[in-house]
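Listing of coords.cif, mmCIF, C-alpha atoms and all ligand atoms
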data_final
#
loop_
_atom_site.group_PDB
_atom_site.id
_atom_site.type_symbol
_atom_site.label_atom_id
_atom_site.label_comp_id
_atom_site.auth_asym_id
_atom_site.auth_seq_id
_atom_site.Cartn_x
_atom_site.Cartn_y
_atom_site.Cartn_z
ATOM 1 C CA MET A 64 40.647 -68.846 -46.801
ATOM 2 C CA ASN A 65 41.975 -65.784 -44.936
ATOM 3 C CA ILE A 66 41.075 -65.291 -41.291
ATOM 4 C CA ILE A 67 41.851 -63.042 -38.330
ATOM 5 C CA LEU A 68 42.252 -64.290 -34.759
ATOM 6 C CA LEU A 69 41.145 -61.431 -32.538
ATOM 7 C CA GLY A 70 41.410 -61.333 -28.766
ATOM 8 C CA PRO A 71 43.306 -59.923 -25.799
ATOM 9 C CA PRO A 72 46.888 -60.953 -24.975
ATOM 10 C CA GLY A 73 46.842 -64.491 -23.611
ATOM 11 C CA ALA A 74 43.576 -65.457 -25.324
ATOM 12 C CA GLY A 75 45.387 -68.274 -27.103
ATOM 13 C CA LYS A 76 45.642 -66.814 -30.599
ATOM 14 C CA GLY A 77 49.146 -68.123 -31.221
ATOM 15 C CA THR A 78 48.316 -71.623 -29.964
ATOM 16 C CA GLN A 79 45.260 -71.920 -32.195
ATOM 17 C CA ALA A 80 47.057 -70.379 -35.157
ATOM 18 C CA ARG A 81 49.725 -73.084 -34.896
ATOM 19 C CA LYS A 82 47.058 -75.787 -34.960
ATOM 20 C CA LEU A 83 45.489 -74.285 -38.078
ATOM 21 C CA VAL A 84 48.899 -74.135 -39.745
ATOM 22 C CA ASP A 85 49.410 -77.852 -39.060
ATOM 23 C CA GLU A 86 45.927 -78.970 -39.987
ATOM 24 C CA ARG A 87 44.926 -76.694 -42.850
ATOM 25 C CA ASN A 88 48.183 -75.762 -44.475
ATOM 26 C CA MET A 89 47.601 -72.087 -43.684
ATOM 27 C CA VAL A 90 50.323 -69.497 -43.082
ATOM 28 C CA GLN A 91 50.442 -67.670 -39.733
ATOM 29 C CA LEU A 92 51.283 -63.991 -39.884
ATOM 30 C CA SER A 93 51.984 -62.776 -36.349
ATOM 31 C CA THR A 94 53.128 -59.169 -36.123
ATOM 32 C CA GLY A 95 54.295 -59.857 -32.550
ATOM 33 C CA ASP A 96 56.608 -62.619 -33.818
ATOM 34 C CA MET A 97 57.847 -60.418 -36.675
ATOM 35 C CA LEU A 98 58.628 -57.564 -34.273
ATOM 36 C CA ARG A 99 60.440 -59.918 -31.870
ATOM 37 C CA ALA A 100 62.449 -61.299 -34.803
ATOM 38 C CA ALA A 101 63.440 -57.737 -35.787
ATOM 39 C CA ARG A 102 64.641 -57.147 -32.227
ATOM 40 C CA THR A 103 66.642 -60.359 -32.118
ATOM 41 C CA SER A 104 68.356 -59.619 -35.410
ATOM 42 C CA GLY A 105 69.094 -56.081 -34.192
ATOM 43 C CA THR A 106 67.644 -54.100 -37.116
ATOM 44 C CA GLU A 107 67.093 -50.327 -36.758
ATOM 45 C CA MET A 108 63.360 -50.958 -36.623
ATOM 46 C CA GLY A 109 63.877 -53.646 -33.976
ATOM 47 C CA LYS A 110 65.791 -51.186 -31.787
ATOM 48 C CA MET A 111 63.101 -48.573 -32.283
ATOM 49 C CA VAL A 112 60.235 -50.791 -31.106
ATOM 50 C CA ALA A 113 61.961 -52.561 -28.187
ATOM 51 C CA ALA A 114 61.034 -50.148 -25.403
ATOM 52 C CA VAL A 115 57.485 -49.704 -26.682
ATOM 53 C CA MET A 116 56.916 -53.471 -26.714
ATOM 54 C CA ASP A 117 58.439 -54.061 -23.290
ATOM 55 C CA ARG A 118 56.155 -51.390 -21.884
ATOM 56 C CA GLY A 119 53.162 -53.111 -23.491
ATOM 57 C CA ASP A 120 52.134 -50.257 -25.792
ATOM 58 C CA LEU A 121 51.336 -50.670 -29.476
ATOM 59 C CA VAL A 122 54.007 -49.908 -32.059
ATOM 60 C CA THR A 123 52.984 -47.546 -34.846
ATOM 61 C CA ASP A 124 50.477 -48.562 -37.510
ATOM 62 C CA GLU A 125 53.032 -47.628 -40.157
ATOM 63 C CA ILE A 126 55.541 -50.213 -38.936
ATOM 64 C CA VAL A 127 53.165 -53.152 -38.564
ATOM 65 C CA ILE A 128 51.286 -52.434 -41.790
ATOM 66 C CA GLY A 129 54.672 -52.354 -43.562
ATOM 67 C CA LEU A 130 55.579 -55.759 -42.084
ATOM 68 C CA ILE A 131 52.305 -57.303 -43.203
ATOM 69 C CA ARG A 132 52.549 -55.761 -46.659
ATOM 70 C CA GLU A 133 56.030 -57.235 -47.136
ATOM 71 C CA GLN A 134 54.812 -60.709 -46.164
ATOM 72 C CA LEU A 135 51.765 -60.576 -48.404
ATOM 73 C CA GLU A 136 53.963 -59.562 -51.309
ATOM 74 C CA SER A 137 56.514 -62.293 -50.694
ATOM 75 C CA ASP A 138 54.506 -65.513 -50.418
ATOM 76 C CA ASN A 139 51.152 -66.820 -51.532
ATOM 77 C CA PRO A 140 50.095 -69.890 -49.583
ATOM 78 C CA GLY A 141 47.499 -72.262 -50.935
ATOM 79 C CA GLY A 142 45.702 -72.595 -47.616
ATOM 80 C CA GLY A 143 45.434 -68.855 -46.933
ATOM 81 C CA TYR A 144 46.567 -66.586 -44.120
ATOM 82 C CA ILE A 145 45.891 -66.487 -40.405
ATOM 83 C CA PHE A 146 46.386 -62.960 -39.109
ATOM 84 C CA ASP A 147 47.418 -63.265 -35.463
ATOM 85 C CA GLY A 148 47.776 -60.068 -33.430
ATOM 86 C CA PHE A 149 47.012 -57.967 -36.503
ATOM 87 C CA PRO A 150 45.023 -55.803 -37.060
ATOM 88 C CA ARG A 151 45.010 -54.127 -33.640
ATOM 89 C CA THR A 152 43.622 -50.694 -34.594
ATOM 90 C CA LEU A 153 40.908 -49.498 -36.962
ATOM 91 C CA ALA A 154 43.580 -47.986 -39.234
ATOM 92 C CA GLN A 155 45.281 -51.409 -39.441
ATOM 93 C CA ALA A 156 41.946 -53.062 -40.206
ATOM 94 C CA ASP A 157 41.317 -50.632 -43.067
ATOM 95 C CA ALA A 158 44.833 -51.152 -44.399
ATOM 96 C CA LEU A 159 44.419 -54.939 -44.313
ATOM 97 C CA GLY A 160 41.127 -54.663 -46.192
ATOM 98 C CA ARG A 161 42.850 -52.640 -48.913
ATOM 99 C CA LEU A 162 45.870 -54.955 -49.137
ATOM 100 C CA LEU A 163 43.650 -58.018 -49.563
ATOM 101 C CA LEU A 164 41.484 -56.232 -52.116
ATOM 102 C CA ASP A 165 44.579 -55.296 -54.140
ATOM 103 C CA MET A 166 45.577 -58.972 -54.201
ATOM 104 C CA GLY A 167 42.108 -60.042 -55.283
ATOM 105 C CA GLU A 168 41.657 -61.809 -51.925
ATOM 106 C CA ASN A 169 38.898 -61.737 -49.333
ATOM 107 C CA LEU A 170 38.745 -61.790 -45.583
ATOM 108 C CA ASP A 171 36.616 -64.839 -44.869
ATOM 109 C CA CYS A 172 36.190 -64.835 -41.122
ATOM 110 C CA VAL A 173 37.186 -63.004 -37.942
ATOM 111 C CA ILE A 174 37.299 -65.222 -34.872
ATOM 112 C CA GLU A 175 36.948 -63.369 -31.597
ATOM 113 C CA MET A 176 38.426 -65.353 -28.704
ATOM 114 C CA GLN A 177 36.673 -64.327 -25.491
ATOM 115 C CA VAL A 178 38.558 -64.700 -22.204
ATOM 116 C CA ASP A 179 38.146 -62.844 -18.919
ATOM 117 C CA ASP A 180 40.943 -60.715 -17.478
ATOM 118 C CA ASP A 181 41.727 -62.883 -14.446
ATOM 119 C CA ALA A 182 42.403 -65.874 -16.673
ATOM 120 C CA LEU A 183 44.645 -63.747 -18.891
ATOM 121 C CA VAL A 184 46.815 -62.612 -15.998
ATOM 122 C CA ASP A 185 47.143 -66.209 -14.778
ATOM 123 C CA ARG A 186 47.981 -67.545 -18.219
ATOM 124 C CA ILE A 187 50.488 -64.903 -19.175
ATOM 125 C CA THR A 188 52.447 -64.756 -15.961
ATOM 126 C CA ALA A 189 52.801 -68.580 -16.156
ATOM 127 C CA ARG A 190 53.776 -68.633 -19.840
ATOM 128 C CA ALA A 191 57.015 -69.655 -21.551
ATOM 129 C CA THR A 192 57.662 -70.218 -25.261
ATOM 130 C CA CYS A 193 60.152 -72.259 -27.261
ATOM 131 C CA LYS A 194 62.263 -69.791 -29.176
ATOM 132 C CA ASP A 195 62.874 -72.240 -32.006
ATOM 133 C CA CYS A 196 59.450 -73.718 -32.760
ATOM 134 C CA GLY A 197 56.956 -71.521 -30.891
ATOM 135 C CA GLU A 198 55.611 -74.308 -28.645
ATOM 136 C CA VAL A 199 53.863 -72.680 -25.671
ATOM 137 C CA TYR A 200 54.336 -73.919 -22.080
ATOM 138 C CA ASN A 201 52.435 -73.030 -18.910
ATOM 139 C CA ASP A 202 53.719 -73.539 -15.355
ATOM 140 C CA ASN A 203 50.308 -74.825 -14.231
ATOM 141 C CA THR A 204 48.896 -76.725 -17.173
ATOM 142 C CA LYS A 205 51.870 -77.685 -19.343
ATOM 143 C CA PRO A 206 55.158 -77.273 -17.493
ATOM 144 C CA ILE A 207 58.516 -77.063 -19.236
ATOM 145 C CA PRO A 208 59.945 -80.641 -19.365
ATOM 146 C CA ALA A 209 62.302 -81.485 -16.486
ATOM 147 C CA ASP A 210 65.308 -81.708 -18.830
ATOM 148 C CA GLY A 211 64.569 -78.156 -20.012
ATOM 149 C CA LYS A 212 64.216 -79.310 -23.616
ATOM 150 C CA CYS A 213 61.259 -78.531 -25.859
ATOM 151 C CA SER A 214 59.007 -81.583 -26.220
ATOM 152 C CA ASN A 215 58.201 -80.572 -29.793
ATOM 153 C CA CYS A 216 61.619 -79.786 -31.289
ATOM 154 C CA GLY A 217 64.230 -80.597 -28.624
ATOM 155 C CA SER A 218 65.532 -77.026 -28.368
ATOM 156 C CA SER A 219 66.820 -75.897 -24.969
ATOM 157 C CA GLN A 220 65.850 -72.296 -25.686
ATOM 158 C CA ILE A 221 62.567 -72.062 -23.805
ATOM 159 C CA GLU A 222 62.115 -68.466 -22.736
ATOM 160 C CA ARG A 223 59.785 -66.075 -20.999
ATOM 161 C CA ARG A 224 58.874 -62.921 -22.867
ATOM 162 C CA ALA A 225 60.146 -59.603 -21.510
ATOM 163 C CA ASP A 226 56.586 -58.213 -21.631
ATOM 164 C CA ASP A 227 54.962 -61.167 -19.826
ATOM 165 C CA ASN A 228 55.013 -59.448 -16.443
ATOM 166 C CA GLU A 229 52.100 -57.940 -14.537
ATOM 167 C CA GLU A 230 52.892 -54.315 -15.267
ATOM 168 C CA SER A 231 53.292 -54.662 -19.058
ATOM 169 C CA LEU A 232 50.301 -56.921 -19.102
ATOM 170 C CA ARG A 233 48.143 -54.195 -17.556
ATOM 171 C CA THR A 234 49.282 -51.818 -20.308
ATOM 172 C CA ARG A 235 48.647 -54.466 -22.989
ATOM 173 C CA LEU A 236 45.147 -55.114 -21.665
ATOM 174 C CA MET A 237 44.405 -51.387 -21.631
ATOM 175 C CA ALA A 238 45.689 -51.096 -25.210
ATOM 176 C CA TYR A 239 43.430 -54.002 -26.166
ATOM 177 C CA TYR A 240 40.285 -52.466 -24.692
ATOM 178 C CA LYS A 241 41.004 -48.941 -25.943
ATOM 179 C CA GLN A 242 42.457 -49.579 -29.387
ATOM 180 C CA THR A 243 41.673 -53.127 -30.486
ATOM 181 C CA SER A 244 38.276 -54.065 -29.044
ATOM 182 C CA PRO A 245 36.482 -51.565 -31.372
ATOM 183 C CA LEU A 246 37.384 -54.059 -34.123
ATOM 184 C CA VAL A 247 34.836 -56.469 -32.649
ATOM 185 C CA GLY A 248 32.059 -54.040 -33.599
ATOM 186 C CA TYR A 249 33.717 -53.192 -36.888
ATOM 187 C CA TYR A 250 33.806 -56.799 -38.089
ATOM 188 C CA TYR A 251 30.426 -57.597 -36.558
ATOM 189 C CA ALA A 252 28.944 -54.825 -38.696
ATOM 190 C CA LYS A 253 30.616 -56.282 -41.771
ATOM 191 C CA GLY A 254 29.099 -59.683 -40.976
ATOM 192 C CA ASP A 255 32.496 -61.375 -40.622
ATOM 193 C CA LEU A 256 32.572 -61.966 -36.859
ATOM 194 C CA LYS A 257 32.325 -65.308 -35.041
ATOM 195 C CA SER A 258 32.944 -65.477 -31.295
ATOM 196 C CA VAL A 259 34.314 -68.486 -29.428
ATOM 197 C CA ASP A 260 34.845 -69.184 -25.723
ATOM 198 C CA GLY A 261 38.608 -68.941 -25.252
ATOM 199 C CA LEU A 262 38.357 -70.320 -21.695
ATOM 200 C CA ALA A 263 37.502 -73.837 -22.872
ATOM 201 C CA SER A 264 40.252 -76.435 -23.278
ATOM 202 C CA MET A 265 42.685 -76.075 -26.164
ATOM 203 C CA ASP A 266 40.977 -78.855 -28.128
ATOM 204 C CA GLU A 267 37.486 -77.511 -27.464
ATOM 205 C CA VAL A 268 38.544 -74.059 -28.657
ATOM 206 C CA ALA A 269 40.020 -75.662 -31.783
ATOM 207 C CA GLU A 270 36.701 -77.430 -32.405
ATOM 208 C CA SER A 271 34.696 -74.216 -32.001
ATOM 209 C CA ILE A 272 37.017 -72.503 -34.465
ATOM 210 C CA ALA A 273 36.681 -75.383 -36.933
ATOM 211 C CA ARG A 274 32.875 -75.097 -36.671
ATOM 212 C CA ALA A 275 33.029 -71.323 -37.163
ATOM 213 C CA LEU A 276 35.151 -71.752 -40.288
ATOM 214 C CA GLY A 277 32.732 -74.345 -41.685
HETATM 215 P P1 LIG A 301 50.150 -60.483 -27.103
HETATM 216 O O1 LIG A 301 48.948 -60.656 -27.998
HETATM 217 O O2 LIG A 301 50.400 -61.641 -26.217
HETATM 218 O O3 LIG A 301 50.148 -59.186 -26.336
HETATM 219 P P2 LIG A 301 51.960 -60.169 -29.428
HETATM 220 O O4 LIG A 301 53.091 -61.093 -29.599
HETATM 221 O O5 LIG A 301 50.852 -60.233 -30.429
HETATM 222 O O6 LIG A 301 51.460 -60.412 -27.967
HETATM 223 O O7 LIG A 301 52.502 -58.658 -29.400
HETATM 224 C C1 LIG A 301 53.526 -58.231 -28.553
HETATM 225 C C2 LIG A 301 53.742 -56.727 -28.675
HETATM 226 O O8 LIG A 301 54.116 -56.407 -30.029
HETATM 227 C C3 LIG A 301 52.502 -55.868 -28.421
HETATM 228 O O9 LIG A 301 52.316 -55.595 -27.040
HETATM 229 C C4 LIG A 301 52.864 -54.600 -29.239
HETATM 230 O O10 LIG A 301 53.808 -53.814 -28.566
HETATM 231 C C5 LIG A 301 53.524 -55.177 -30.453
HETATM 232 N N1 LIG A 301 52.564 -55.481 -31.553
HETATM 233 C C6 LIG A 301 52.297 -56.712 -32.082
HETATM 234 N N2 LIG A 301 51.390 -56.616 -33.077
HETATM 235 C C7 LIG A 301 51.059 -55.305 -33.175
HETATM 236 C C8 LIG A 301 50.175 -54.565 -33.994
HETATM 237 N N3 LIG A 301 49.408 -55.169 -34.922
HETATM 238 N N4 LIG A 301 50.091 -53.220 -33.816
HETATM 239 C C9 LIG A 301 50.850 -52.602 -32.906
HETATM 240 N N5 LIG A 301 51.701 -53.229 -32.088
HETATM 241 C C10 LIG A 301 51.826 -54.567 -32.215
HETATM 242 ZN ZN ZN A 302 60.522 -76.166 -29.708
#

Mind turning this structure into structure tokens?
Ligand code: ADP
Ligand code: ZN
Amino acid sequence: MNIILLGPPGAGKGTQARKLVDERNMVQLSTGDMLRAARTSGTEMGKMVAAVMDRGDLVTDEIVIGLIREQLESDNPGGGYIFDGFPRTLAQADALGRLLLDMGENLDCVIEMQVDDDALVDRITARATCKDCGEVYNDNTKPIPADGKCSNCGSSQIERRADDNEESLRTRLMAYYKQTSPLVGYYYAKGDLKSVDGLASMDEVAESIARALG
């Protein structure tokens, strides 16, 4: 089964993707994570996208489609793919459709995670992530352990993202509404869309997603 998690920054796509990876043996493909990895390892591409990402704008379709293509060519998981943060434009959605078709694969479901803007600002400005395992912390609901070590993997590298500040977030939200939200209509028209309430608790959201996937 191949699915897309669609929703604004802070909707909880990464958190739910991680649950699906654990429970259904799926593979998470997050273009945001791939771009951050390119920055950390200091590749030419990583240097090119750094300022764009910190500002909160989208990087070019060419770059992210290339990243996804490489991944799809390199591994073939039994449980299928979770696309997280991709596609974000209609051109990316078309490219993904073609890539899957070429592999003889289908897109089975697009889950739209609905969250209002105030909640997004609160969530993102309170967010921190373990650099080693991706565990997500929140100052209000799931604070970083007092010893500063990740409760999941023990790493002491829990960090805040450079773009998790109010100004970049405004740009990211604008990019979502202008460039990404048209995908809701696009997938609705194709009959692939299921919407869930992203404001519910983490477990409730996971249950709604499980129901949507059948
Ligand atoms: P969030 O969903 O919380 O905004 P991501 O980790 O998915 O965060 O993405 C972080 C940044 O990486 C985006 O603001 C954008 O600059 C870039 N990015 C990630 N995925 C894409 C994509 N599919 N197309 C264009 N830019 C992307
Ligand atoms: Zn960790």

Report as a VMD selection string the residues that result from applying the PyMOL selection byres (((not hetatm)) within 9 of (chain A and resi 301)) to the structure here. chain A and resid 70 to 77 93 to 99 112 to 128 147 to 152 155 187 226 to 227 231 to 232 234 to 236 238 to 239

Taking all atoms listed in the file into account, which residues are within 8 Å of ligand ZN 302 (chain A), as a PDB file with C-alpha atoms, in the frame of the given file?
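Result saved to out.pdb:
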ATOM      1  CA  THR A 192      57.662 -70.218 -25.261  1.00  0.00           C
ATOM      2  CA  CYS A 193      60.152 -72.259 -27.261  1.00  0.00           C
ATOM      3  CA  LYS A 194      62.263 -69.791 -29.176  1.00  0.00           C
ATOM      4  CA  ASP A 195      62.874 -72.240 -32.006  1.00  0.00           C
ATOM      5  CA  CYS A 196      59.450 -73.718 -32.760  1.00  0.00           C
ATOM      6  CA  GLY A 197      56.956 -71.521 -30.891  1.00  0.00           C
ATOM      7  CA  GLU A 198      55.611 -74.308 -28.645  1.00  0.00           C
ATOM      8  CA  LYS A 212      64.216 -79.310 -23.616  1.00  0.00           C
ATOM      9  CA  CYS A 213      61.259 -78.531 -25.859  1.00  0.00           C
ATOM     10  CA  SER A 214      59.007 -81.583 -26.220  1.00  0.00           C
ATOM     11  CA  ASN A 215      58.201 -80.572 -29.793  1.00  0.00           C
ATOM     12  CA  CYS A 216      61.619 -79.786 -31.289  1.00  0.00           C
ATOM     13  CA  GLY A 217      64.230 -80.597 -28.624  1.00  0.00           C
ATOM     14  CA  SER A 218      65.532 -77.026 -28.368  1.00  0.00           C
ATOM     15  CA  SER A 219      66.820 -75.897 -24.969  1.00  0.00           C
ATOM     16  CA  GLN A 220      65.850 -72.296 -25.686  1.00  0.00           C
ATOM     17  CA  ILE A 221      62.567 -72.062 -23.805  1.00  0.00           C
TER      18      ILE A 221
END

Looking at only C-alpha atoms, which of A:Gly254, A:Gly167, A:Gly277, A:Pro245 is the one that sits closest to Ala154 (chain A)?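 Residue with the minimum atom-to-atom distance to Ala154 (chain A): A:Pro245.
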
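Among the candidates A:Thr188, A:Thr78, A:Gln242, A:Asn65, the residue lying nearest to Val90 (chain A) is A:Asn65 (atoms considered: all atoms listed in the file).
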
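Checking A:Ala189, A:Met108, A:Ile145, A:Leu135 one by one against Leu164 (chain A), counting only C-alpha atoms, you find the shortest gap at A:Leu135.
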
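Distances from A:Asn88, A:Met64, A:Ala263, A:Tyr200 to Val178 (chain A) were compared using only C-alpha atoms, and the smallest one belongs to A:Ala263.
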
Picked residues, the PyMOL selection byres (((chain A and resi 170) around 7) and not hetatm), as a PyMOL selection string: chain A and resi 65-66+168-169+171-172

Quick one: distance from CA of Asp179 (chain A) to CA of Arg223 (chain A) in Å, one decimal?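 Computing it gives 22.0 Å between the two atoms.
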
For a test of reading the model, state the distance in Å between CA of Thr243 (chain A) and CA of Phe146 (chain A), rounded to one decimal. 13.9 Å

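The nearest approach to Leu162 (chain A) among the residues A:Asn228, A:Gln177, A:Gln79, A:Gln134, with only C-alpha atoms taken into account, belongs to A:Gln134.
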
Pick the closest to Arg186 (chain A) from A:Leu262, A:Lys241, A:Glu133, A:Glu230: which is it, counting only C-alpha atoms?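 Of the candidates, the smallest distance to Arg186 (chain A) is held by A:Leu262.
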
Determine the residue membership of the PyMOL selection byres (((chain A and resi 257) around 12) and not hetatm) for the file above and supply it as a PyMOL selection string. chain A and resi 66-70+171-177+247-248+250-256+258-260+271-277

Centre, x/y/z edge lengths, axis-aligned box for region 162-179 of chain A with 6 Å per side, as lines of an AutoDock Vina configuration file:
center_x = 41.0
center_y = -60.2
center_z = -37.1
size_x = 21.7
size_y = 22.4
size_z = 48.4

Separation of CA of Gly143 (chain A) and CA of Glu86 (chain A), in Å?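 A separation of 12.3 Å between them.
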